[in-house]
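Trainee: Sharing final-v1.tsv, TSV, C-alpha atoms:
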chain	number	residue	atom	x	y	z
A	10	MET	CA	0.00	0.00	0.00
A	11	PRO	CA	1.58	3.33	-1.00
A	12	ALA	CA	2.07	5.99	1.66
A	13	ASP	CA	-0.56	8.56	2.58
A	14	ILE	CA	-0.20	12.05	1.18
A	15	ASP	CA	-0.42	15.23	3.25
A	16	PHE	CA	-2.69	18.09	2.26
A	17	TYR	CA	-2.19	21.46	3.99
A	18	PHE	CA	-4.85	24.14	3.67
A	19	ASP	CA	-6.50	27.16	5.24
A	20	PHE	CA	-10.29	27.51	5.26
A	21	ALA	CA	-9.84	31.19	4.36
A	22	SER	CA	-7.86	30.46	1.19
A	23	PRO	CA	-9.76	30.34	-2.12
A	24	TYR	CA	-7.08	28.24	-3.84
A	25	SER	CA	-7.33	25.83	-0.88
A	26	TYR	CA	-11.04	25.53	-1.63
A	27	LEU	CA	-10.33	24.65	-5.26
A	28	ALA	CA	-7.76	22.09	-4.10
A	29	ALA	CA	-10.13	20.65	-1.50
A	30	ASN	CA	-12.58	19.98	-4.31
A	31	ARG	CA	-10.10	17.76	-6.11
A	32	ILE	CA	-7.52	16.30	-3.77
A	33	ASN	CA	-9.42	13.21	-2.63
A	34	ARG	CA	-10.42	12.26	-6.18
A	35	ILE	CA	-6.88	12.66	-7.47
A	36	ALA	CA	-5.54	10.57	-4.60
A	37	ALA	CA	-8.25	7.90	-4.69
A	38	LEU	CA	-7.70	7.28	-8.40
A	39	ARG	CA	-4.09	6.48	-7.49
A	40	ARG	CA	-5.02	4.49	-4.36
A	41	ARG	CA	-3.71	7.02	-1.91
A	42	LYS	CA	-5.24	8.23	1.32
A	43	VAL	CA	-5.11	11.98	2.07
A	44	ASN	CA	-4.35	13.39	5.48
A	45	TRP	CA	-6.01	16.81	5.77
A	46	HIS	CA	-4.08	19.40	7.80
A	47	PRO	CA	-5.86	22.68	8.57
A	48	LEU	CA	-3.55	25.58	9.36
A	49	VAL	CA	-3.51	29.36	9.47
A	50	VAL	CA	-1.70	30.78	6.47
A	51	THR	CA	-0.96	34.10	8.17
A	52	ALA	CA	1.27	32.12	10.54
A	53	LEU	CA	3.17	30.81	7.50
A	54	TYR	CA	3.50	34.34	6.12
A	55	GLN	CA	4.94	35.46	9.44
A	56	ALA	CA	7.35	32.54	9.58
A	57	ASN	CA	8.37	33.13	5.99
A	58	GLY	CA	8.72	36.90	6.32
A	59	THR	CA	6.25	37.82	3.58
A	60	PRO	CA	3.22	40.11	3.68
A	61	PRO	CA	-0.20	38.46	3.27
A	62	THR	CA	-1.37	38.59	-0.35
A	63	PRO	CA	-4.56	40.57	0.41
A	64	THR	CA	-2.36	43.41	1.73
A	65	LEU	CA	-0.75	43.76	-1.72
A	66	PRO	CA	-3.32	45.64	-3.85
A	67	VAL	CA	-1.96	44.86	-7.32
A	68	LYS	CA	-1.35	41.17	-6.61
A	69	TRP	CA	-4.60	40.76	-4.72
A	70	GLU	CA	-6.63	42.20	-7.60
A	71	TYR	CA	-4.99	39.63	-9.87
A	72	VAL	CA	-5.64	36.77	-7.44
A	73	ARG	CA	-9.33	37.66	-7.11
A	74	LYS	CA	-9.77	37.42	-10.87
A	75	ASP	CA	-7.55	34.38	-11.23
A	76	VAL	CA	-9.53	32.37	-8.68
A	77	LYS	CA	-12.77	33.16	-10.50
A	78	ARG	CA	-11.50	32.12	-13.92
A	79	ILE	CA	-10.00	28.88	-12.60
A	80	ALA	CA	-13.22	28.04	-10.75
A	81	ARG	CA	-15.14	28.74	-13.98
A	82	ASN	CA	-12.77	26.59	-15.99
A	83	GLU	CA	-12.95	23.76	-13.50
A	84	ARG	CA	-16.72	24.13	-13.14
A	85	ILE	CA	-16.35	24.58	-9.39
A	86	PRO	CA	-19.00	26.91	-7.91
A	87	PHE	CA	-17.34	30.02	-6.49
A	88	ARG	CA	-18.46	33.30	-5.01
A	89	GLU	CA	-16.59	35.72	-2.81
A	90	PRO	CA	-17.85	34.96	0.69
A	91	PRO	CA	-18.89	37.49	3.37
A	92	GLY	CA	-16.05	39.56	4.79
A	93	TYR	CA	-13.62	38.16	2.22
A	94	PRO	CA	-10.68	38.10	2.67
A	95	ARG	CA	-10.39	37.43	6.39
A	96	ILE	CA	-8.63	35.25	8.92
A	97	LEU	CA	-10.62	32.18	9.99
A	98	LEU	CA	-9.67	30.24	13.10
A	99	THR	CA	-12.94	28.60	14.15
A	100	PRO	CA	-13.42	26.11	11.27
A	101	GLY	CA	-9.93	24.70	11.80
A	102	ARG	CA	-10.50	24.33	15.53
A	103	ALA	CA	-13.87	22.69	14.94
A	104	MET	CA	-12.34	20.26	12.44
A	105	LEU	CA	-9.55	19.25	14.81
A	106	TRP	CA	-11.98	18.63	17.66
A	107	ILE	CA	-14.30	16.61	15.40
A	108	ARG	CA	-11.34	14.52	14.26
A	109	ALA	CA	-10.29	13.84	17.85
A	110	VAL	CA	-13.78	12.80	18.94
A	111	HIS	CA	-15.58	11.53	15.81
A	112	GLY	CA	-12.69	10.34	13.66
A	113	ASP	CA	-10.98	11.40	10.47
A	114	GLU	CA	-13.72	10.60	7.99
A	115	THR	CA	-16.26	12.82	9.73
A	116	ALA	CA	-13.67	15.58	10.11
A	117	VAL	CA	-12.87	15.59	6.38
A	118	LEU	CA	-16.57	15.60	5.48
A	119	PHE	CA	-16.98	18.54	7.84
A	120	ALA	CA	-14.06	20.37	6.19
A	121	ARG	CA	-15.40	19.81	2.67
A	122	THR	CA	-18.86	20.95	3.69
A	123	CYS	CA	-17.41	24.09	5.29
A	124	PHE	CA	-15.46	24.92	2.12
A	125	HIS	CA	-18.52	24.49	-0.07
A	126	ALA	CA	-20.70	26.50	2.28
A	127	TYR	CA	-18.18	29.36	2.40
A	128	PHE	CA	-16.85	29.67	-1.15
A	129	GLY	CA	-19.68	27.93	-2.99
A	130	ASP	CA	-22.71	29.35	-1.23
A	131	GLY	CA	-21.40	32.43	0.62
A	132	VAL	CA	-22.31	31.09	4.06
A	133	ASP	CA	-20.41	32.69	6.97
A	134	ILE	CA	-18.33	29.84	8.43
A	135	GLY	CA	-16.68	32.25	10.84
A	136	ASP	CA	-19.95	32.05	12.81
A	137	VAL	CA	-19.77	29.25	15.37
A	138	ASP	CA	-23.51	28.61	15.13
A	139	VAL	CA	-23.11	27.99	11.40
A	140	LEU	CA	-20.27	25.58	12.14
A	141	ALA	CA	-22.37	23.83	14.75
A	142	GLY	CA	-25.18	23.51	12.22
A	143	ILE	CA	-22.88	21.94	9.63
A	144	ALA	CA	-21.48	19.60	12.28
A	145	ALA	CA	-24.99	18.67	13.48
A	146	GLY	CA	-25.70	17.34	9.98
A	147	LEU	CA	-22.83	14.90	10.57
A	148	GLY	CA	-24.13	13.75	13.96
A	149	VAL	CA	-21.93	16.04	16.08
A	150	GLN	CA	-23.52	17.41	19.25
A	151	LYS	CA	-23.48	21.21	19.33
A	152	ASP	CA	-22.59	21.96	22.96
A	153	ALA	CA	-19.78	19.48	23.02
A	154	LEU	CA	-18.38	20.99	19.79
A	155	LEU	CA	-18.52	24.55	21.10
A	156	ALA	CA	-16.81	23.52	24.33
A	157	GLY	CA	-14.20	21.58	22.39
A	158	MET	CA	-13.42	24.52	20.09
A	159	ALA	CA	-12.77	26.71	23.14
A	160	ASP	CA	-10.35	24.18	24.61
A	161	ASP	CA	-6.77	25.42	24.81
A	162	ALA	CA	-5.46	22.10	23.57
A	163	ILE	CA	-7.49	22.40	20.35
A	164	LYS	CA	-6.48	26.02	19.89
A	165	GLY	CA	-2.86	25.03	20.42
A	166	GLU	CA	-3.14	22.15	17.95
A	167	LEU	CA	-4.20	24.51	15.14
A	168	LYS	CA	-1.44	26.95	16.01
A	169	ASN	CA	1.20	24.24	16.30
A	170	GLY	CA	-0.02	22.74	13.04
A	171	SER	CA	1.13	25.86	11.20
A	172	THR	CA	4.51	25.79	12.92
A	173	LEU	CA	5.07	22.10	12.23
A	174	ALA	CA	4.01	22.53	8.61
A	175	PHE	CA	6.47	25.36	8.07
A	176	GLN	CA	9.22	23.20	9.55
A	177	LYS	CA	8.41	20.62	6.87
A	178	GLY	CA	8.75	23.24	4.11
A	179	VAL	CA	5.13	24.36	3.79
A	180	PHE	CA	5.30	28.10	3.09
A	181	GLY	CA	1.87	28.64	1.50
A	182	VAL	CA	-1.44	26.92	0.81
A	183	PRO	CA	-2.69	24.73	-0.65
A	184	PHE	CA	0.37	22.51	-0.26
A	185	VAL	CA	0.75	18.77	-0.77
A	186	ILE	CA	3.62	16.53	0.29
A	187	ALA	CA	3.72	13.11	-1.36
A	188	ASP	CA	6.65	10.75	-0.87
A	189	GLY	CA	8.79	13.74	0.12
A	190	GLU	CA	7.91	15.67	-3.07
A	191	HIS	CA	6.43	19.12	-2.53
A	192	PHE	CA	3.58	20.69	-4.50
A	193	TRP	CA	2.56	24.28	-3.80
A	194	GLY	CA	-0.64	25.61	-5.29
A	195	PHE	CA	-3.66	24.22	-7.06
A	196	ASP	CA	-1.78	24.81	-10.31
A	197	ARG	CA	0.63	22.02	-9.37
A	198	PHE	CA	-2.15	19.44	-9.18
A	199	PRO	CA	-1.47	18.14	-12.71
A	200	LEU	CA	2.13	17.51	-11.62
A	201	LEU	CA	0.88	15.92	-8.39
A	202	ALA	CA	-1.46	13.63	-10.33
A	203	GLN	CA	1.41	12.65	-12.61
A	204	TRP	CA	3.68	12.07	-9.63
A	205	LEU	CA	1.15	9.82	-7.94
A	206	SER	CA	0.59	7.87	-11.15
A	207	ARG	CA	4.17	7.37	-12.19
A	208	GLY	CA	6.69	9.02	-9.93
A	209	ARG	CA	9.70	10.78	-11.37
A	210	LYS	CA	9.65	8.65	-14.48
A	211	GLY	CA	6.32	10.07	-15.59
A	212	PRO	CA	5.63	11.14	-19.14
A	213	VAL	CA	6.15	14.63	-20.41
A	214	LEU	CA	3.33	16.91	-19.35
A	215	ASP	CA	3.13	19.73	-21.85
A	216	MET	CA	1.90	22.72	-19.85
A	217	ALA	CA	1.82	24.86	-22.95
A	218	ALA	CA	0.01	22.54	-25.34
B	13	MET	CA	-5.75	40.85	-37.20
B	14	PRO	CA	-6.00	40.23	-33.45
B	15	ALA	CA	-4.03	42.48	-31.11
B	16	ASP	CA	-0.44	41.82	-30.08
B	17	ILE	CA	0.18	40.27	-26.68
B	18	ASP	CA	2.67	41.63	-24.14
B	19	PHE	CA	5.26	39.40	-22.51
B	20	TYR	CA	7.11	40.73	-19.45
B	21	PHE	CA	10.21	38.94	-18.23
B	22	ASP	CA	13.53	39.24	-16.41
B	23	PHE	CA	16.66	37.55	-17.79
B	24	ALA	CA	17.51	36.48	-14.22
B	25	SER	CA	14.21	34.61	-13.72
B	26	PRO	CA	14.17	30.86	-14.36
B	27	TYR	CA	10.40	30.75	-14.88
B	28	SER	CA	10.86	33.57	-17.41
B	29	TYR	CA	13.30	31.34	-19.25
B	30	LEU	CA	10.74	28.53	-19.40
B	31	ALA	CA	8.13	30.99	-20.64
B	32	ALA	CA	10.51	32.48	-23.22
B	33	ASN	CA	10.88	28.99	-24.64
B	34	ARG	CA	7.17	28.73	-25.36
B	35	ILE	CA	5.56	32.14	-25.71
B	36	ASN	CA	6.20	32.71	-29.42
B	37	ARG	CA	4.98	29.24	-30.37
B	38	ILE	CA	1.80	29.58	-28.33
B	39	ALA	CA	1.14	32.98	-29.86
B	40	ALA	CA	2.04	32.06	-33.44
B	41	LEU	CA	-0.30	29.06	-33.40
B	42	ARG	CA	-3.08	31.56	-32.58
B	43	ARG	CA	-1.82	34.19	-35.06
B	44	ARG	CA	-0.64	36.64	-32.46
B	45	LYS	CA	2.53	38.67	-32.34
B	46	VAL	CA	4.40	38.93	-29.03
B	47	ASN	CA	5.95	42.13	-27.73
B	48	TRP	CA	8.85	41.24	-25.45
B	49	HIS	CA	9.39	43.56	-22.47
B	50	PRO	CA	12.55	43.03	-20.42
B	51	LEU	CA	12.37	44.39	-16.89
B	52	VAL	CA	14.04	44.02	-13.51
B	53	VAL	CA	11.91	41.96	-11.17
B	54	THR	CA	13.54	43.37	-8.03
B	55	ALA	CA	11.98	46.72	-9.01
B	56	LEU	CA	8.57	44.99	-9.06
B	57	TYR	CA	9.24	43.47	-5.66
B	58	GLN	CA	10.08	46.91	-4.31
B	59	ALA	CA	6.99	48.47	-5.85
B	60	ASN	CA	4.83	45.63	-4.55
B	61	GLY	CA	6.36	45.61	-1.06
B	62	THR	CA	7.47	41.96	-1.10
B	63	PRO	CA	10.89	40.45	-0.40
B	64	PRO	CA	12.67	38.80	-3.37
B	65	THR	CA	12.02	35.04	-3.43
B	66	PRO	CA	15.72	34.08	-3.17
B	67	THR	CA	15.82	35.85	0.23
B	68	LEU	CA	13.18	33.43	1.58
B	69	PRO	CA	15.06	30.17	2.28
B	70	VAL	CA	12.10	27.77	2.51
B	71	LYS	CA	10.34	29.13	-0.56
B	72	TRP	CA	13.54	29.46	-2.55
B	73	GLU	CA	14.47	25.82	-1.91
B	74	TYR	CA	11.05	24.85	-3.26
B	75	VAL	CA	11.39	27.08	-6.33
B	76	ARG	CA	14.81	25.66	-7.20
B	77	LYS	CA	13.39	22.14	-7.26
B	78	ASP	CA	10.16	23.18	-8.96
B	79	VAL	CA	11.96	24.84	-11.86
B	80	LYS	CA	14.02	21.70	-12.43
B	81	ARG	CA	11.06	19.34	-12.48
B	82	ILE	CA	9.07	21.58	-14.81
B	83	ALA	CA	12.03	21.93	-17.16
B	84	ARG	CA	12.40	18.14	-17.10
B	85	ASN	CA	8.70	17.65	-17.79
B	86	GLU	CA	8.73	20.14	-20.62
B	87	ARG	CA	12.00	18.78	-21.98
B	88	ILE	CA	13.58	22.22	-21.76
B	89	PRO	CA	17.32	22.06	-20.99
B	90	PHE	CA	18.02	23.67	-17.62
B	91	ARG	CA	20.98	24.10	-15.34
B	92	GLU	CA	21.54	26.56	-12.54
B	93	PRO	CA	23.77	29.21	-14.10
B	94	PRO	CA	26.88	30.82	-12.57
B	95	GLY	CA	26.21	33.07	-9.59
B	96	TYR	CA	22.54	32.02	-9.51
B	97	PRO	CA	20.43	33.72	-8.29
B	98	ARG	CA	21.54	37.24	-9.10
B	99	ILE	CA	20.37	40.55	-10.49
B	100	LEU	CA	21.06	41.02	-14.20
B	101	LEU	CA	20.85	44.45	-15.81
B	102	THR	CA	23.15	44.16	-18.81
B	103	PRO	CA	21.16	41.70	-20.98
B	104	GLY	CA	18.04	43.88	-20.73
B	105	ARG	CA	20.00	47.00	-21.64
B	106	ALA	CA	21.64	45.20	-24.56
B	107	MET	CA	18.28	43.95	-25.82
B	108	LEU	CA	16.72	47.42	-25.69
B	109	TRP	CA	19.60	48.97	-27.60
B	110	ILE	CA	19.52	46.20	-30.21
B	111	ARG	CA	15.78	46.76	-30.65
B	112	ALA	CA	16.29	50.49	-31.11
B	113	VAL	CA	19.05	50.07	-33.69
B	114	HIS	CA	18.50	46.65	-35.34
B	115	GLY	CA	14.76	46.14	-34.91
B	116	ASP	CA	12.48	43.93	-32.90
B	117	GLU	CA	13.16	40.63	-34.63
B	118	THR	CA	16.89	40.78	-33.93
B	119	ALA	CA	16.23	41.91	-30.36
B	120	VAL	CA	13.94	38.93	-29.65
B	121	LEU	CA	16.44	36.53	-31.21
B	122	PHE	CA	19.09	38.06	-28.99
B	123	ALA	CA	16.89	37.63	-25.91
B	124	ARG	CA	16.11	34.00	-26.68
B	125	THR	CA	19.77	33.24	-27.30
B	126	CYS	CA	20.72	34.89	-24.01
B	127	PHE	CA	18.15	32.82	-22.11
B	128	HIS	CA	19.39	29.58	-23.67
B	129	ALA	CA	23.01	30.48	-23.05
B	130	TYR	CA	22.34	31.32	-19.40
B	131	PHE	CA	19.85	28.71	-18.21
B	132	GLY	CA	20.48	26.04	-20.82
B	133	ASP	CA	24.26	26.12	-21.09
B	134	GLY	CA	25.39	27.94	-17.94
B	135	VAL	CA	27.08	30.77	-19.85
B	136	ASP	CA	27.57	33.98	-17.85
B	137	ILE	CA	25.36	36.55	-19.59
B	138	GLY	CA	26.18	39.11	-16.93
B	139	ASP	CA	29.53	39.45	-18.74
B	140	VAL	CA	29.32	42.18	-21.38
B	141	ASP	CA	31.85	40.42	-23.60
B	142	VAL	CA	29.61	37.36	-23.63
B	143	LEU	CA	26.66	39.55	-24.58
B	144	ALA	CA	28.70	41.19	-27.32
B	145	GLY	CA	29.64	37.74	-28.61
B	146	ILE	CA	25.99	36.65	-28.76
B	147	ALA	CA	25.06	39.91	-30.46
B	148	ALA	CA	27.92	39.57	-32.97
B	149	GLY	CA	26.35	36.32	-34.14
B	150	LEU	CA	23.30	38.41	-35.08
B	151	GLY	CA	25.31	41.00	-36.99
B	152	VAL	CA	25.57	43.55	-34.18
B	153	GLN	CA	28.80	45.51	-33.97
B	154	LYS	CA	30.49	45.12	-30.57
B	155	ASP	CA	31.74	48.63	-29.84
B	156	ALA	CA	28.45	50.23	-30.80
B	157	LEU	CA	26.60	47.79	-28.54
B	158	LEU	CA	28.86	48.44	-25.53
B	159	ALA	CA	28.50	52.19	-26.00
B	160	GLY	CA	24.75	51.85	-26.38
B	161	MET	CA	24.40	49.77	-23.21
B	162	ALA	CA	26.22	52.48	-21.24
B	163	ASP	CA	23.87	55.17	-22.56
B	164	ASP	CA	21.71	56.76	-19.87
B	165	ALA	CA	18.67	56.66	-22.15
B	166	ILE	CA	18.94	52.88	-22.48
B	167	LYS	CA	19.55	52.43	-18.76
B	168	GLY	CA	16.52	54.60	-18.08
B	169	GLU	CA	14.39	52.66	-20.54
B	170	LEU	CA	14.99	49.39	-18.66
B	171	LYS	CA	14.28	51.07	-15.32
B	172	ASN	CA	11.16	52.82	-16.59
B	173	GLY	CA	10.01	49.58	-18.18
B	174	SER	CA	9.65	48.04	-14.73
B	175	THR	CA	7.75	51.06	-13.43
B	176	LEU	CA	5.39	51.15	-16.41
B	177	ALA	CA	4.80	47.42	-16.17
B	178	PHE	CA	3.87	47.66	-12.49
B	179	GLN	CA	1.44	50.44	-13.33
B	180	LYS	CA	-0.25	48.02	-15.73
B	181	GLY	CA	-0.61	45.39	-13.00
B	182	VAL	CA	2.57	43.38	-13.60
B	183	PHE	CA	3.77	42.34	-10.12
B	184	GLY	CA	5.96	39.36	-11.02
B	185	VAL	CA	7.48	37.52	-13.96
B	186	PRO	CA	6.84	35.95	-16.34
B	187	PHE	CA	3.67	37.91	-16.99
B	188	VAL	CA	1.50	38.11	-20.10
B	189	ILE	CA	-1.24	40.59	-20.91
B	190	ALA	CA	-3.54	39.60	-23.76
B	191	ASP	CA	-6.66	41.62	-24.60
B	192	GLY	CA	-6.57	43.05	-21.08
B	193	GLU	CA	-6.49	39.58	-19.46
B	194	HIS	CA	-3.54	38.98	-17.09
B	195	PHE	CA	-1.52	35.79	-16.80
B	196	TRP	CA	1.16	35.52	-14.11
B	197	GLY	CA	3.56	32.60	-14.20
B	198	PHE	CA	4.52	29.89	-16.64
B	199	ASP	CA	1.87	27.75	-14.97
B	200	ARG	CA	-0.82	29.98	-16.46
B	201	PHE	CA	0.31	29.28	-20.03
B	202	PRO	CA	-2.36	26.59	-20.56
B	203	LEU	CA	-4.96	29.21	-19.61
B	204	LEU	CA	-3.24	31.74	-21.88
B	205	ALA	CA	-3.29	29.29	-24.78
B	206	GLN	CA	-6.97	28.64	-24.18
B	207	TRP	CA	-7.67	32.35	-23.95
B	208	LEU	CA	-5.91	33.04	-27.24
B	209	SER	CA	-7.77	30.18	-28.92
B	210	ARG	CA	-11.24	30.87	-27.69
B	211	GLY	CA	-11.48	33.79	-25.29
B	212	ARG	CA	-13.69	33.57	-22.23
B	213	LYS	CA	-15.97	31.05	-23.88
B	214	GLY	CA	-13.24	28.44	-24.00
B	215	PRO	CA	-13.81	24.85	-23.02
B	216	VAL	CA	-13.24	23.52	-19.56
B	217	LEU	CA	-9.59	22.95	-18.87
B	218	ASP	CA	-9.29	20.28	-16.23
B	219	MET	CA	-6.13	21.14	-14.32
B	220	ALA	CA	-6.49	18.05	-12.16
B	221	ALA	CA	-7.15	15.43	-14.83
Show me this structure written as C-alpha cells.
Mentor:
Amino acid sequence: MPADIDFYFDFASPYSYLAANRINRIAALRRRKVNWHPLVVTALYQANGTPPTPTLPVKWEYVRKDVKRIARNERIPFREPPGYPRILLTPGRAMLWIRAVHGDETAVLFARTCFHAYFGDGVDIGDVDVLAGIAAGLGVQKDALLAGMADDAIKGELKNGSTLAFQKGVFGVPFVIADGEHFWGFDRFPLLAQWLSRGRKGPVLDMAA
Amino acid sequence: MPADIDFYFDFASPYSYLAANRINRIAALRRRKVNWHPLVVTALYQANGTPPTPTLPVKWEYVRKDVKRIARNERIPFREPPGYPRILLTPGRAMLWIRAVHGDETAVLFARTCFHAYFGDGVDIGDVDVLAGIAAGLGVQKDALLAGMADDAIKGELKNGSTLAFQKGVFGVPFVIADGEHFWGFDRFPLLAQWLSRGRKGPVLDMAA
C-alpha cells in the first residue's frame, strides 16, 4: 500500500477551496489516502517573512480574478464569501476537535462541507452557530463541539499545526507533500497527479500545449 | 488581425526562461505577435512591497526544485547558471539597444539566445563580452553595442520599463497581458493558450485530470 499524502490548507484560502474539491479524487484514483491538515496561512506568512497577499493591492486584484476564472474553468461553484478576505480560526478548531472525537472521515466531510458553504454558497463559516449547524448534519452534538473549540489544547493544535508545517517546508497553501515531493498551489495538481501515477519517471506533461 | 500580446520577463528569472521557450509558439499558433518587455523583477518586488524570493530560504528551496522538475517535464534544458540567483541588468539594456538600432526581430532573437546560453548552457550573460559575442552572431557591432548599453537613455528605458509594467498590473514575472487579461507565471500558459484560442468562452480545462 503506497504511503498517505499530506494536504495542507486554510479555510480562508480560495485556492485551498479549489484544491479541497479535487484532492481526494486525485488521490483515490491512485489508491492514496489523504491526510487533511488545517492551518492558518498568516502564521506561514509570518514565519516566511512575507506580507499576506490581500495586503498587496496589485497582486490581490490579480488573485481575485484568477480564482474566478480557474473556478469557472474547472466548473467549481465560487463566489466571494462574506467579509472576504479574512482570517478564519474557528473552522480549523472545529475540524480538529471533530477529528479527535468523531474520527478522520467525519472531520474531512466537515471540512469539505465548510469549504462548499463558504466559497460555494457564501455562508459565513466564521460564525460558530453555522459551524455547529454543519457539524450537526454529521451527527456532532453542538454543545460538546462549542466547548471543544474553546479548549486550549485544540487552539494550540491549530497553532502548532502551522509551525510544524512550516518546519516541513510548507510556506503557502494549498500545499501537498507526497513521498517527500512538494507541491505548492492548485496549479501544481497536474504535476501531483502525474507524480502519484508514475513518480519521477512520468511522461512529459506539456503545460503549454 | 487580433491584437499583439505583451510578454514581461527578467533575464535572471528561471520561470521567465521557461516561458521564453514557449511564448512565441503559443502565440504564433493563434496568429498573435508577441511584444517582449525586459524588466528588472527586483523593481517589481520593491513596488509591490514583497521580499525577493531568493531571500526566503524555505520558498527558494522549493522554487529551485520546482523549476528543475518543470524543465524536465517540458524537456527544456536547464541548469543553474553561474552566480545564480543574481540581479542582471546588462542583458536587458543590450536587448533594448539592439531593438532600437536593429529592430524587434533581432532583439527577440538576442533575448532567446541569451536565455538559452544562461539557463540552458550555464554561460555567464552578466559578462558584457559574452553579450557582445551573442550579439555579434546576429550582426551587431560590438563597440556600438557596448557604448549603447552604457547610454543613460537605455539604462533609463529598462528602469522605466519596470515602473510602467507595475502600473499596468505586472507584479511578477513571467507575466503576459492579452486583450486586457492577465496571466502571471509559466503555470498559467495553458490558460493563456486557451484564452488566445477561444477567449472567455473556451472549453473547460481540467487542471487536475
Trainee: Tell me, in Å to one decimal, how far CA of Lys80 in chain B is from CA of Ile14 in chain A.
Mentor: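 CA of Lys80 in chain B sits 21.9 Å away from CA of Ile14 in chain A.
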Trainee: Near Pro26 in chain B, within 12 Å and counting only C-alpha atoms, which residues show up once chain neighbours fewer than 4 positions away are dropped, as an mmCIF file with C-alpha atoms, in the coordinates of the input?
Mentor:
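Contents of around_12.cif, as written:
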data_model
loop_
_atom_site.group_PDB
_atom_site.id
_atom_site.type_symbol
_atom_site.label_atom_id
_atom_site.label_comp_id
_atom_site.auth_asym_id
_atom_site.auth_seq_id
_atom_site.Cartn_x
_atom_site.Cartn_y
_atom_site.Cartn_z
ATOM 1 C CA PHE B 21 10.210 38.940 -18.230
ATOM 2 C CA ASP B 22 13.530 39.240 -16.410
ATOM 3 C CA LEU B 30 10.740 28.530 -19.400
ATOM 4 C CA ALA B 31 8.130 30.990 -20.640
ATOM 5 C CA ALA B 32 10.510 32.480 -23.220
ATOM 6 C CA ASN B 33 10.880 28.990 -24.640
ATOM 7 C CA VAL B 53 11.910 41.960 -11.170
ATOM 8 C CA THR B 65 12.020 35.040 -3.430
ATOM 9 C CA PRO B 66 15.720 34.080 -3.170
ATOM 10 C CA TRP B 72 13.540 29.460 -2.550
ATOM 11 C CA VAL B 75 11.390 27.080 -6.330
ATOM 12 C CA ARG B 76 14.810 25.660 -7.200
ATOM 13 C CA LYS B 77 13.390 22.140 -7.260
ATOM 14 C CA ASP B 78 10.160 23.180 -8.960
ATOM 15 C CA VAL B 79 11.960 24.840 -11.860
ATOM 16 C CA LYS B 80 14.020 21.700 -12.430
ATOM 17 C CA ILE B 82 9.070 21.580 -14.810
ATOM 18 C CA ALA B 83 12.030 21.930 -17.160
ATOM 19 C CA ILE B 88 13.580 22.220 -21.760
ATOM 20 C CA PRO B 89 17.320 22.060 -20.990
ATOM 21 C CA PHE B 90 18.020 23.670 -17.620
ATOM 22 C CA ARG B 91 20.980 24.100 -15.340
ATOM 23 C CA GLU B 92 21.540 26.560 -12.540
ATOM 24 C CA PRO B 93 23.770 29.210 -14.100
ATOM 25 C CA TYR B 96 22.540 32.020 -9.510
ATOM 26 C CA PRO B 97 20.430 33.720 -8.290
ATOM 27 C CA ARG B 98 21.540 37.240 -9.100
ATOM 28 C CA PHE B 127 18.150 32.820 -22.110
ATOM 29 C CA HIS B 128 19.390 29.580 -23.670
ATOM 30 C CA TYR B 130 22.340 31.320 -19.400
ATOM 31 C CA PHE B 131 19.850 28.710 -18.210
ATOM 32 C CA GLY B 132 20.480 26.040 -20.820
ATOM 33 C CA VAL B 185 7.480 37.520 -13.960
ATOM 34 C CA PRO B 186 6.840 35.950 -16.340
ATOM 35 C CA GLY B 197 3.560 32.600 -14.200
ATOM 36 C CA PHE B 198 4.520 29.890 -16.640
#
Trainee: Go through A:Leu65, A:Ala116, A:Leu48, A:Leu173 and flag the residue nearest chain B, using only C-alpha atoms for the distances.
Mentor: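 Going through A:Leu65, A:Ala116, A:Leu48, A:Leu173 one by one, the smallest distance to chain B is for A:Leu65.
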Trainee: Would you write out, as a Markdown table, a table of all residues in chain B that have an atom no more than 9 Å from an atom of chain A, listing for each the closest atom pair and the distance in Å to one decimal, considering all atoms listed in the file and ordering rows by chain and rising residue number?
Mentor:
| residue | atom | partner | partner_atom | distance |
| --- | --- | --- | --- | --- |
| B:Arg34 | CA | A:Ala217 | CA | 7.0 |
| B:Ile35 | CA | A:Ala217 | CA | 8.6 |
| B:Ile38 | CA | A:Ala217 | CA | 7.2 |
| B:Asn60 | CA | A:Leu65 | CA | 6.5 |
| B:Gly61 | CA | A:Leu65 | CA | 7.4 |
| B:Thr62 | CA | A:Thr59 | CA | 6.4 |
| B:Pro63 | CA | A:Thr59 | CA | 6.7 |
| B:Leu68 | CA | A:Asn57 | CA | 6.5 |
| B:Pro69 | CA | A:Asn57 | CA | 8.2 |
| B:Val70 | CA | A:Gly178 | CA | 5.9 |
| B:Lys71 | CA | A:Phe180 | CA | 6.3 |
| B:Glu73 | CA | A:Gly178 | CA | 8.7 |
| B:Tyr74 | CA | A:His191 | CA | 7.4 |
| B:Lys77 | CA | A:His191 | CA | 8.9 |
| B:Asp78 | CA | A:Phe192 | CA | 8.3 |
| B:Arg81 | CA | A:Arg209 | CA | 8.7 |
| B:Ile82 | CA | A:Leu200 | CA | 8.7 |
| B:Arg84 | CA | A:Val213 | CA | 7.9 |
| B:Asn85 | CA | A:Val213 | CA | 4.7 |
| B:Glu86 | CA | A:Asp215 | CA | 5.7 |
| B:Arg87 | CA | A:Val213 | CA | 7.3 |
| B:Phe178 | CA | A:Val67 | CA | 8.3 |
| B:Gln179 | CA | A:Val67 | CA | 8.9 |
| B:Gly181 | CA | A:Val67 | CA | 5.9 |
| B:Val182 | CA | A:Val67 | CA | 7.9 |
| B:Phe183 | CA | A:Lys68 | CA | 6.3 |
| B:Gly184 | CA | A:Lys68 | CA | 8.7 |
| B:His194 | CA | A:Tyr71 | CA | 7.4 |
| B:Phe195 | CA | A:Asp75 | CA | 8.3 |
| B:Trp196 | CA | A:Tyr71 | CA | 8.5 |
| B:Phe198 | CA | A:Met216 | CA | 8.3 |
| B:Asp199 | CA | A:Asp196 | CA | 6.6 |
| B:Arg200 | CA | A:Asp196 | CA | 8.1 |
| B:Phe201 | CA | A:Ala217 | CA | 5.5 |
| B:Pro202 | CA | A:Ala217 | CA | 5.1 |
| B:Leu203 | CA | A:Ile79 | CA | 8.6 |
| B:Leu204 | CA | A:Ala217 | CA | 8.6 |
| B:Ala205 | CA | A:Ala217 | CA | 7.0 |
| B:Arg212 | CA | A:Arg78 | CA | 8.7 |
| B:Gly214 | CA | A:Asn82 | CA | 8.2 |
| B:Pro215 | CA | A:Asn82 | CA | 7.3 |
| B:Val216 | CA | A:Asn82 | CA | 4.7 |
| B:Leu217 | CA | A:Asn82 | CA | 5.6 |
| B:Asp218 | CA | A:Glu83 | CA | 5.7 |
| B:Met219 | CA | A:Pro199 | CA | 5.8 |
| B:Ala220 | CA | A:Pro199 | CA | 5.1 |
| B:Ala221 | CA | A:Pro199 | CA | 6.6 |
